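Enquirer: Pasting start_20.txt here (compact mmCIF, C-alpha atoms):
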# COMPACT_ATOMS: atom_id res chain seq x y z
CA MET A 1 104.66 -31.34 162.70
CA CYS A 2 107.50 -31.51 165.20
CA ILE A 3 106.32 -32.81 168.56
CA ARG A 4 109.23 -31.13 170.32
CA PHE A 5 107.72 -27.77 169.34
CA ILE A 6 104.22 -28.66 170.49
CA VAL A 7 104.53 -30.54 173.75
CA PRO A 8 105.94 -27.71 175.95
CA ALA A 9 103.28 -25.21 174.86
CA VAL A 10 100.48 -27.70 175.37
CA ALA A 11 101.76 -28.79 178.76
CA MET A 12 101.95 -25.23 180.06
CA THR A 13 98.49 -24.40 178.82
CA LEU A 14 96.85 -27.54 180.11
CA VAL A 15 98.09 -26.73 183.60
CA VAL A 16 95.91 -23.63 183.66
CA ALA A 17 93.09 -25.08 181.56
CA LEU A 18 91.27 -26.59 184.51
CA PRO A 19 87.46 -26.67 184.79
CA GLY A 20 86.17 -23.12 184.94
CA THR A 21 89.37 -21.63 183.50
CA ALA A 22 90.63 -21.00 179.99
CA GLY A 23 93.90 -20.93 178.12
CA VAL A 24 95.42 -20.66 174.64
CA VAL A 25 97.47 -23.32 172.83
CA THR A 26 99.53 -22.49 169.74
CA LEU A 27 100.41 -25.60 167.73
CA GLY A 28 103.15 -25.49 165.13
CA PRO A 29 105.06 -25.12 163.04
CA PHE A 30 103.84 -27.89 160.77
CA PRO A 31 104.78 -28.13 157.07
CA ASP A 32 102.04 -26.56 154.97
CA PHE A 33 104.05 -26.38 151.73
CA ALA A 34 107.62 -27.14 150.71
CA GLY A 35 109.01 -27.06 147.18
CA TRP A 36 110.46 -25.12 144.31
CA VAL A 37 108.07 -22.70 142.62
CA ASN A 38 109.40 -22.12 139.13
CA GLN A 39 106.53 -20.51 137.26
CA THR A 40 107.18 -17.07 135.80
CA SER A 41 103.48 -16.17 135.80
CA SER A 42 100.78 -16.45 138.43
CA ILE A 43 100.18 -19.83 140.05
CA THR A 44 97.75 -21.07 142.69
CA LEU A 45 99.39 -23.12 145.44
CA ASP A 46 97.27 -25.82 147.06
CA THR A 47 98.64 -26.32 150.54
CA GLY A 48 97.56 -27.88 153.81
CA GLY A 49 98.19 -30.57 156.37
CA ILE A 50 97.12 -32.40 159.49
CA VAL A 51 97.73 -31.08 163.01
CA HIS A 52 97.41 -33.51 165.89
CA ILE A 53 95.64 -32.20 168.99
CA PRO A 54 97.37 -34.02 171.86
CA TRP A 55 94.15 -34.50 173.81
CA ASP A 56 91.38 -34.78 171.18
CA GLY A 57 91.75 -35.78 167.54
CA ASP A 58 93.30 -34.03 164.56
CA ILE A 59 92.82 -30.73 162.77
CA ALA A 60 92.57 -31.12 158.99
CA ILE A 61 92.83 -27.98 156.89
CA ARG A 62 93.84 -27.07 153.37
CA ASP A 63 94.25 -23.66 151.84
CA GLN A 64 95.00 -21.82 148.62
CA ILE A 65 96.81 -18.67 147.61
CA THR A 66 97.66 -17.24 144.19
CA VAL A 67 101.19 -15.87 143.80
CA ARG A 68 103.53 -14.55 141.13
CA VAL A 69 107.21 -15.49 141.09
CA THR A 70 110.06 -13.84 139.23
CA ARG A 71 112.46 -16.82 139.21
CA PRO A 72 112.65 -20.35 140.57
CA VAL A 73 112.62 -20.06 144.33
CA PRO A 74 112.52 -22.64 147.14
CA VAL A 75 109.40 -21.81 149.14
CA TYR A 76 108.53 -23.14 152.57
CA VAL A 77 105.35 -22.34 154.46
CA PRO A 78 105.28 -23.08 158.19
CA SER A 79 101.73 -23.10 159.54
CA TYR A 80 100.34 -22.60 163.01
CA VAL A 81 96.96 -22.93 164.66
CA ARG A 82 95.92 -21.09 167.80
CA ILE A 83 93.28 -22.83 169.89
CA LYS A 84 91.32 -21.34 172.78
CA ILE A 85 90.51 -24.01 175.31
CA PHE A 86 88.45 -24.26 178.45
CA GLY A 87 87.11 -26.94 180.75
CA ASP A 88 88.57 -30.45 180.65
CA PRO A 89 89.81 -29.21 178.03
CA GLN A 90 87.30 -28.30 175.32
CA ILE A 91 87.91 -26.27 172.17
CA GLU A 92 86.31 -22.86 171.86
CA ASP A 93 85.34 -21.51 168.43
CA PRO A 94 86.88 -20.40 166.19
CA LEU A 95 90.30 -21.88 165.44
CA SER A 96 92.83 -19.30 164.21
CA PHE A 97 95.13 -20.46 161.39
CA PHE A 98 98.33 -18.68 160.28
CA ASP A 99 100.76 -19.30 157.41
CA ILE A 100 104.16 -17.68 156.89
CA TYR A 101 105.33 -17.70 153.26
CA ALA A 102 109.13 -17.77 153.39
CA GLN A 103 112.21 -18.71 151.38
CA ASP A 104 113.99 -21.95 152.25
CA LEU A 105 117.76 -21.53 152.64
CA ASP A 106 118.30 -25.30 152.95
CA PRO A 107 115.85 -27.14 150.63
CA GLY A 108 117.61 -30.40 151.41
CA ASN A 109 116.32 -30.10 154.97
CA PRO A 110 112.97 -28.36 154.47
CA GLY A 111 111.87 -25.90 157.10
CA THR A 112 115.05 -25.88 159.17
CA LEU A 113 116.57 -22.59 157.94
CA LEU A 114 114.22 -19.93 156.63
CA THR A 115 114.50 -16.33 155.53
CA GLY A 116 112.34 -13.80 153.71
CA PHE A 117 112.27 -12.38 150.20
CA ASN A 118 114.02 -9.33 148.77
CA PRO A 119 112.00 -6.34 150.07
CA THR A 120 112.65 -4.19 146.99
CA ASN A 121 112.24 -6.90 144.34
CA PRO A 122 110.47 -9.88 145.96
CA GLU A 123 110.99 -13.28 144.37
CA LEU A 124 107.43 -14.19 145.30
CA ILE A 125 104.41 -11.88 145.41
CA PRO A 126 100.93 -12.87 146.66
CA LEU A 127 98.15 -12.00 144.22
CA SER A 128 95.24 -13.01 146.44
CA SER A 129 94.19 -13.37 150.03
CA GLU A 130 94.68 -16.71 151.76
CA ARG A 131 91.74 -19.10 151.58
CA PHE A 132 91.60 -21.68 154.35
CA ILE A 133 89.27 -24.52 153.31
CA GLY A 134 87.31 -26.48 155.91
CA LEU A 135 86.30 -30.13 155.82
CA SER A 136 82.98 -29.08 154.29
CA GLY A 137 84.71 -27.27 151.44
CA THR A 138 83.74 -23.87 152.84
CA GLU A 139 86.39 -21.19 152.25
CA TYR A 140 87.45 -18.90 155.08
CA PRO A 141 89.45 -15.90 153.78
CA ALA A 142 92.39 -14.44 155.67
CA PRO A 143 94.41 -11.26 155.04
CA VAL A 144 98.01 -11.42 153.83
CA GLN A 145 100.57 -8.82 154.82
CA ALA A 146 104.28 -8.37 154.16
CA VAL A 147 106.29 -8.17 157.37
CA TYR A 148 110.00 -8.05 158.11
CA VAL A 149 111.58 -11.22 159.47
CA GLY A 150 113.01 -9.12 162.29
CA ASP A 151 109.48 -8.14 163.36
CA LEU A 152 108.12 -11.69 163.58
CA PRO A 153 108.99 -12.27 167.28
CA SER A 154 107.07 -9.15 168.36
CA LEU A 155 104.12 -9.87 166.06
CA LEU A 156 103.89 -13.56 166.99
CA PRO A 157 105.34 -13.85 170.51
CA ASP A 158 103.82 -17.26 171.23
CA PHE A 159 104.97 -18.86 167.96
CA ASN A 160 108.00 -21.11 167.56
CA LEU A 161 110.09 -19.12 165.07
CA SER A 162 113.42 -20.86 165.61
CA ALA A 163 113.74 -21.66 161.88
CA PHE A 164 114.04 -17.92 161.19
CA ALA A 165 116.90 -17.39 163.65
CA GLY A 166 119.49 -17.35 160.85
CA GLY A 167 117.35 -15.41 158.38
CA ASN A 168 117.90 -11.87 157.14
CA PRO A 169 115.93 -9.61 159.52
CA SER A 170 115.48 -7.02 156.75
CA SER A 171 113.91 -9.49 154.33
CA ILE A 172 110.14 -9.85 154.09
CA VAL A 173 107.82 -12.79 154.56
CA TYR A 174 104.11 -12.90 153.88
CA LEU A 175 102.02 -13.50 156.97
CA ALA A 176 98.58 -14.92 156.21
CA GLY A 177 96.04 -14.94 158.99
CA PRO A 178 94.29 -15.23 161.13
CA GLY A 179 91.97 -17.48 159.19
CA LEU A 180 89.02 -18.11 161.48
CA VAL A 181 87.57 -21.60 161.01
CA PRO A 182 84.83 -23.20 163.13
CA ALA A 183 86.18 -26.18 165.04
CA ALA A 184 83.42 -28.39 163.64
CA ASP A 185 84.77 -27.73 160.13
CA ALA A 186 88.37 -28.61 160.97
CA VAL A 187 88.64 -31.05 163.87
CA VAL A 188 88.58 -34.78 163.19
CA PRO A 189 87.96 -36.53 166.55
CA GLU A 190 90.13 -39.40 167.73
CA PRO A 191 88.60 -42.86 167.10
CA ALA A 192 88.15 -43.26 170.86
CA THR A 193 86.13 -40.04 170.95
CA LEU A 194 83.97 -41.25 168.08
CA SER A 195 83.42 -44.55 169.88
CA LEU A 196 82.25 -42.73 172.98
CA LEU A 197 79.89 -40.64 170.88
CA ALA A 198 78.55 -43.77 169.21
CA LEU A 199 78.04 -45.51 172.56
CA GLY A 200 76.29 -42.44 173.89
CA GLY A 201 73.96 -42.43 170.89
CA LEU A 202 73.28 -46.15 171.27
CA GLY A 203 72.48 -45.66 174.95
CA ALA A 204 70.05 -42.88 174.13
CA LEU A 205 68.39 -45.06 171.47
CA LEU A 206 67.99 -47.97 173.93
CA ARG A 207 66.50 -45.66 176.53
CA ARG A 208 63.95 -44.42 173.98
CA ARG A 209 63.01 -47.99 173.03
CA ARG A 210 62.50 -48.94 176.68
CA ARG A 211 60.12 -46.04 177.06
Mind turning the file's structure into structure tokens?
Expert:
Amino acid sequence: MCIRFIVPAVAMTLVVALPGTAGVVTLGPFPDFAGWVNQTSSITLDTGGIVHIPWDGDIAIRDQITVRVTRPVPVYVPSYVRIKIFGDPQIEDPLSFFDIYAQDLDPGNPGTLLTGFNPTNPELIPLSSERFIGLSGTEYPAPVQAVYVGDLPSLLPDFNLSAFAGGNPSSIVYLAGPGLVPAADAVVPEPATLSLLALGGLGALLRRRRR
């Protein structure tokens, strides 16, 4: 995850996310998958990563998709998570996860220069829906659709798509999402948050014993 992508969006949203108000934060892109896929038959890709929430812990998610490839192809999957926030701030359910399955034009520098696949004879073809997998192991399915690279800015106006700036606008990528995951099944609180929760529980226990 590149902090330079995340900080401006978070800062703008936190300004309006005061008590009694709400806002939306889009975090990403973070690297969900990067590598050469050289199978000539179907293959299931296990992907995933950790997204840091600047004010409260991490988001841990993994996902799976089954694809078919026609030749070795460098694949890169930037992922994003959209969070609705309110209060001081607090996270509102559910979290919305998105993956973009793309072709990497510069595998030596993964994720910096992306394009799509051949629209008439795609080098990679999804054979299943996306399956985002929560901390509990529960699977949350998400639709996958082929979209033109040139249409990404209008479809995802709040996403950082700078890596696609040099891509072929007539090529296609596979947009997976939104995958709707309960926050409790994805967010790992910061240690400080856990300590506060533990102290709160200890205080409640002591109060009960005094009674």
Enquirer: Give me the range 33-95 of chain A side of the contact with range 166-180 of chain A, cut-off 12 Å, one line per residue showing its nearest atom pair and distance in Å at one decimal, counting all atoms listed in the file, sorted by chain and residue number, as JSON lines.
Expert:
{"residue": "A:Ile61", "atom": "CA", "partner": "A:Gly179", "partner_atom": "CA", "distance": 10.8}
{"residue": "A:Arg62", "atom": "CA", "partner": "A:Gly179", "partner_atom": "CA", "distance": 11.4}
{"residue": "A:Asp63", "atom": "CA", "partner": "A:Gly179", "partner_atom": "CA", "distance": 9.9}
{"residue": "A:Gln64", "atom": "CA", "partner": "A:Ala176", "partner_atom": "CA", "distance": 10.9}
{"residue": "A:Ile65", "atom": "CA", "partner": "A:Ala176", "partner_atom": "CA", "distance": 9.5}
{"residue": "A:Val67", "atom": "CA", "partner": "A:Tyr174", "partner_atom": "CA", "distance": 10.9}
{"residue": "A:Val75", "atom": "CA", "partner": "A:Val173", "partner_atom": "CA", "distance": 10.6}
{"residue": "A:Tyr76", "atom": "CA", "partner": "A:Val173", "partner_atom": "CA", "distance": 10.6}
{"residue": "A:Val77", "atom": "CA", "partner": "A:Tyr174", "partner_atom": "CA", "distance": 9.5}
{"residue": "A:Pro78", "atom": "CA", "partner": "A:Leu175", "partner_atom": "CA", "distance": 10.2}
{"residue": "A:Ser79", "atom": "CA", "partner": "A:Ala176", "partner_atom": "CA", "distance": 9.4}
{"residue": "A:Tyr80", "atom": "CA", "partner": "A:Gly177", "partner_atom": "CA", "distance": 9.7}
{"residue": "A:Val81", "atom": "CA", "partner": "A:Pro178", "partner_atom": "CA", "distance": 8.9}
{"residue": "A:Arg82", "atom": "CA", "partner": "A:Pro178", "partner_atom": "CA", "distance": 9.0}
{"residue": "A:Ile83", "atom": "CA", "partner": "A:Leu180", "partner_atom": "CA", "distance": 10.5}
{"residue": "A:Lys84", "atom": "CA", "partner": "A:Leu180", "partner_atom": "CA", "distance": 12.0}
{"residue": "A:Glu92", "atom": "CA", "partner": "A:Leu180", "partner_atom": "CA", "distance": 11.7}
{"residue": "A:Asp93", "atom": "CA", "partner": "A:Leu180", "partner_atom": "CA", "distance": 8.6}
{"residue": "A:Pro94", "atom": "CA", "partner": "A:Leu180", "partner_atom": "CA", "distance": 5.7}
{"residue": "A:Leu95", "atom": "CA", "partner": "A:Leu180", "partner_atom": "CA", "distance": 5.6}
Enquirer: Measuring atom to atom with all atoms listed in the file, identify which of A:Gly49, A:Pro122, A:Gly87, A:Gly28 is nearest to Ala186 in chain A.
Expert: A:Gly49
Enquirer: A:Tyr140, A:Glu130, A:Ala60, A:Val73: which is nearest Asp104 in chain A, counting all atoms listed in the file?
Expert: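 Closest to Asp104 in chain A, using all atoms listed in the file: A:Val73.
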Enquirer: So what do you get for CA of Pro29 in chain A versus CA of Leu155 in chain A, distance-wise?
Expert: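 Between CA of Pro29 in chain A and CA of Leu155 in chain A the gap is 15.6 Å.
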Enquirer: Rounded to one decimal, what separation in Å do you get between CA of Gly35 in chain A and CA of Pro74 in chain A?
Expert: 5.6 Å
Enquirer: Mind checking which residues fall within 7 Å of range 126-129 of chain A, counting all atoms listed in the file, ignoring those fewer than 4 positions away in the same chain, and posting them as a VMD selection string?
Expert: chain A and resid 65 to 68 141 to 144
Enquirer: List every protein, DNA or RNA residue that has an atom no more than 12 Å from (111.1, -30.6, 156.5) in the file's coordinate frame, counting all atoms listed in the file, and report them as a list in words.
Expert: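 I get Met1, Cys2, Pro29, Phe30, Pro31, Asp32, Phe33, Ala34, Gly35, Val75, Tyr76, Val77, Pro78, Asp104, Leu105, Asp106, Pro107, Gly108, Asn109, Pro110, Gly111, Thr112, Leu113, Leu114 and Ala163 of chain A for the residues within 12 Å of that point.
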Enquirer: What does the file look like for those residues with C-alpha atoms, as an mmCIF file, in the frame of the given file?
Expert:
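In the end it all went to part31.cif:
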data_model
loop_
_atom_site.group_PDB
_atom_site.id
_atom_site.type_symbol
_atom_site.label_atom_id
_atom_site.label_comp_id
_atom_site.auth_asym_id
_atom_site.auth_seq_id
_atom_site.Cartn_x
_atom_site.Cartn_y
_atom_site.Cartn_z
ATOM 1 C CA MET A 1 104.660 -31.340 162.700
ATOM 2 C CA CYS A 2 107.500 -31.510 165.200
ATOM 3 C CA PRO A 29 105.060 -25.120 163.040
ATOM 4 C CA PHE A 30 103.840 -27.890 160.770
ATOM 5 C CA PRO A 31 104.780 -28.130 157.070
ATOM 6 C CA ASP A 32 102.040 -26.560 154.970
ATOM 7 C CA PHE A 33 104.050 -26.380 151.730
ATOM 8 C CA ALA A 34 107.620 -27.140 150.710
ATOM 9 C CA GLY A 35 109.010 -27.060 147.180
ATOM 10 C CA VAL A 75 109.400 -21.810 149.140
ATOM 11 C CA TYR A 76 108.530 -23.140 152.570
ATOM 12 C CA VAL A 77 105.350 -22.340 154.460
ATOM 13 C CA PRO A 78 105.280 -23.080 158.190
ATOM 14 C CA ASP A 104 113.990 -21.950 152.250
ATOM 15 C CA LEU A 105 117.760 -21.530 152.640
ATOM 16 C CA ASP A 106 118.300 -25.300 152.950
ATOM 17 C CA PRO A 107 115.850 -27.140 150.630
ATOM 18 C CA GLY A 108 117.610 -30.400 151.410
ATOM 19 C CA ASN A 109 116.320 -30.100 154.970
ATOM 20 C CA PRO A 110 112.970 -28.360 154.470
ATOM 21 C CA GLY A 111 111.870 -25.900 157.100
ATOM 22 C CA THR A 112 115.050 -25.880 159.170
ATOM 23 C CA LEU A 113 116.570 -22.590 157.940
ATOM 24 C CA LEU A 114 114.220 -19.930 156.630
ATOM 25 C CA ALA A 163 113.740 -21.660 161.880
#
Enquirer: Taking all atoms listed in the file into account, name the residue in A:Pro182, A:Val147, A:Ile133, A:Pro153 that is nearest to Asp46 in chain A.
Expert: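 Ranking A:Pro182, A:Val147, A:Ile133, A:Pro153 by distance to Asp46 in chain A, first place goes to A:Ile133.
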Enquirer: Mind giving me the straight-line distance from CA of Ala183 in chain A to CA of Ala102 in chain A in Å, one decimal?
Expert: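 Distance between the two atoms: 27.1 Å.
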